[in-house]
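Visitor: Take a look at this one; I'll ask things after.
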Amino acid sequence: MSADGIGYRGRFAPSPTGPLHAGSLVAALASWLDAREQGGRWLVRIEDVDRERCKQGLDLVILGQLQRCSLLPDEPPQWQSAREPLYAQALDRLVAAGRAYPCGCTRKAIDEALAVRGVVHQRHGERVYPGTCRGGLRGQPARAWRLRSR
């Protein structure tokens, strides 16, 4: 039983950037089977927040593919973009508490800051953010939000 008393929840969260491919369908099936094995619920959340990559109408194509495979969610599908106001409120609370701050670093800038410390980023390797913007943006535009972990 989860902390909210609802029980096990499995989910499948495709991005509508194209129709589902075989690997995505296998992941959906595995998630669905796991939820059934656990006696839980299976949910679908459409990850549509990357507006540049997501294509209009592909969410419905994906839901149709799942339906044709009899992979039906136990609750109506959710669209991630519909939850943006909730995420904004949560971010506002984190910023107000001093737990989050804006970051203006590009990946290249992060790699350069790490290189100064003797850490060279390897392709597909871990890229640990060096905390460059913890003290402020230094005139850069904000690109992302970072969480204070200490």
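Residues are referred to by chain and number: the chain letter is A, B, ... according to the order shown in the structure tokens, the number counts from 1 in that chain, and ligands are numbered separately from 1 in the order shown.
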Looking only at helix (DSSP H, G or I) from DSSP on the backbone, list the matching residues of chain A as a ChimeraX atom specification.

Guide: /A:22-37,58-68,80-96,107-116

Visitor: Write out as a PyMOL selection string the residues lying within 10 Å of Thr17 (chain A), counting only C-alpha atoms and excluding same-chain residues fewer than 3 positions away.

Guide: chain A and resi 14+20+47-48+50-59+62

Visitor: Residues of region 9-128 of chain A within 9 Å of region 135-141 of chain A: nearest atom pair and distance (Å, one decimal) for each, counting only C-alpha atoms, sorted by chain and number, as JSON lines?

Guide:
```
{"residue": "A:Tyr101", "atom": "CA", "partner": "A:Gly136", "partner_atom": "CA", "distance": 8.2}
{"residue": "A:Pro102", "atom": "CA", "partner": "A:Leu137", "partner_atom": "CA", "distance": 7.2}
{"residue": "A:Cys103", "atom": "CA", "partner": "A:Leu137", "partner_atom": "CA", "distance": 6.3}
{"residue": "A:Gly104", "atom": "CA", "partner": "A:Gln140", "partner_atom": "CA", "distance": 5.5}
{"residue": "A:Cys105", "atom": "CA", "partner": "A:Gln140", "partner_atom": "CA", "distance": 8.1}
```

Visitor: Output N, CA and C atoms for every residue in the selection just made, as a short mmCIF file (atom, residue, chain, number, x, y, z; two decimals), in the first residue's frame.

Guide:
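Result file part-v7.cif:
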```
data_model
loop_
_atom_site.label_atom_id
_atom_site.label_comp_id
_atom_site.auth_asym_id
_atom_site.auth_seq_id
_atom_site.Cartn_x
_atom_site.Cartn_y
_atom_site.Cartn_z
N TYR A 101 17.10 26.94 -7.23
CA TYR A 101 17.65 28.18 -7.79
C TYR A 101 17.78 28.05 -9.30
N PRO A 102 17.75 29.18 -10.01
CA PRO A 102 17.87 29.14 -11.47
C PRO A 102 19.31 28.88 -11.89
N CYS A 103 19.45 28.26 -13.03
CA CYS A 103 20.78 27.95 -13.58
C CYS A 103 20.81 28.38 -15.04
N GLY A 104 21.90 29.03 -15.44
CA GLY A 104 22.06 29.48 -16.81
C GLY A 104 23.07 28.68 -17.60
N CYS A 105 23.55 27.57 -17.04
CA CYS A 105 24.62 26.80 -17.67
C CYS A 105 24.11 25.97 -18.85
#
```

Visitor: I'd like to know which of A:Phe12, A:Tyr87, A:Trp32, A:Trp79 is closest to Val44 (chain A), using only C-alpha atoms.

Guide: A:Phe12

Visitor: Can you work out which one of A:Arg146, A:His121, A:Arg45, A:Arg107 has the shortest atom-to-atom distance to Pro73 (chain A), counting only C-alpha atoms?

Guide: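 For Pro73 (chain A), the nearest of the candidates is A:Arg45.
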
Visitor: Give me, as a VMD selection string, the residues of region 10-142 of chain A that a backbone DSSP run labels strand (DSSP E or B).

Guide: chain A and resid 10 to 12 41 to 46 78 to 79 100 to 103

Visitor: Store the residues of this selection in a file with N, CA and C atoms, as a compact mmCIF listing (two decimals), in the first residue's frame.

Guide:
```
# COMPACT_ATOMS: atom_id res chain seq x y z
N GLY A 10 1.16 1.19 -11.45
CA GLY A 10 2.12 1.11 -12.53
C GLY A 10 1.76 2.19 -13.53
N ARG A 11 2.73 2.62 -14.31
CA ARG A 11 2.40 3.64 -15.30
C ARG A 11 3.27 3.46 -16.53
N PHE A 12 2.72 3.97 -17.60
CA PHE A 12 3.44 4.04 -18.87
C PHE A 12 3.34 5.49 -19.29
N ARG A 41 -3.16 -0.72 -10.04
CA ARG A 41 -3.78 0.00 -11.15
C ARG A 41 -2.70 0.38 -12.15
N TRP A 42 -3.09 0.45 -13.42
CA TRP A 42 -2.16 0.82 -14.48
C TRP A 42 -2.61 2.13 -15.09
N LEU A 43 -1.69 3.10 -15.13
CA LEU A 43 -2.00 4.45 -15.60
C LEU A 43 -1.17 4.80 -16.82
N VAL A 44 -1.70 5.70 -17.63
CA VAL A 44 -0.98 6.24 -18.78
C VAL A 44 -0.89 7.74 -18.59
N ARG A 45 0.34 8.25 -18.71
CA ARG A 45 0.57 9.70 -18.62
C ARG A 45 1.32 10.11 -19.89
N ILE A 46 0.71 10.96 -20.68
CA ILE A 46 1.31 11.43 -21.92
C ILE A 46 2.31 12.54 -21.58
N GLN A 78 -3.64 10.83 -18.37
CA GLN A 78 -3.28 12.18 -17.93
C GLN A 78 -2.31 12.77 -18.96
N TRP A 79 -2.38 14.06 -19.14
CA TRP A 79 -1.41 14.76 -19.98
C TRP A 79 -0.54 15.59 -19.04
N ALA A 100 15.64 25.65 -4.22
CA ALA A 100 15.84 25.61 -5.68
C ALA A 100 16.34 26.96 -6.15
N TYR A 101 17.10 26.94 -7.23
CA TYR A 101 17.65 28.18 -7.79
C TYR A 101 17.78 28.05 -9.30
N PRO A 102 17.75 29.18 -10.01
CA PRO A 102 17.87 29.14 -11.47
C PRO A 102 19.31 28.88 -11.89
N CYS A 103 19.45 28.26 -13.03
CA CYS A 103 20.78 27.95 -13.58
C CYS A 103 20.81 28.38 -15.04
```
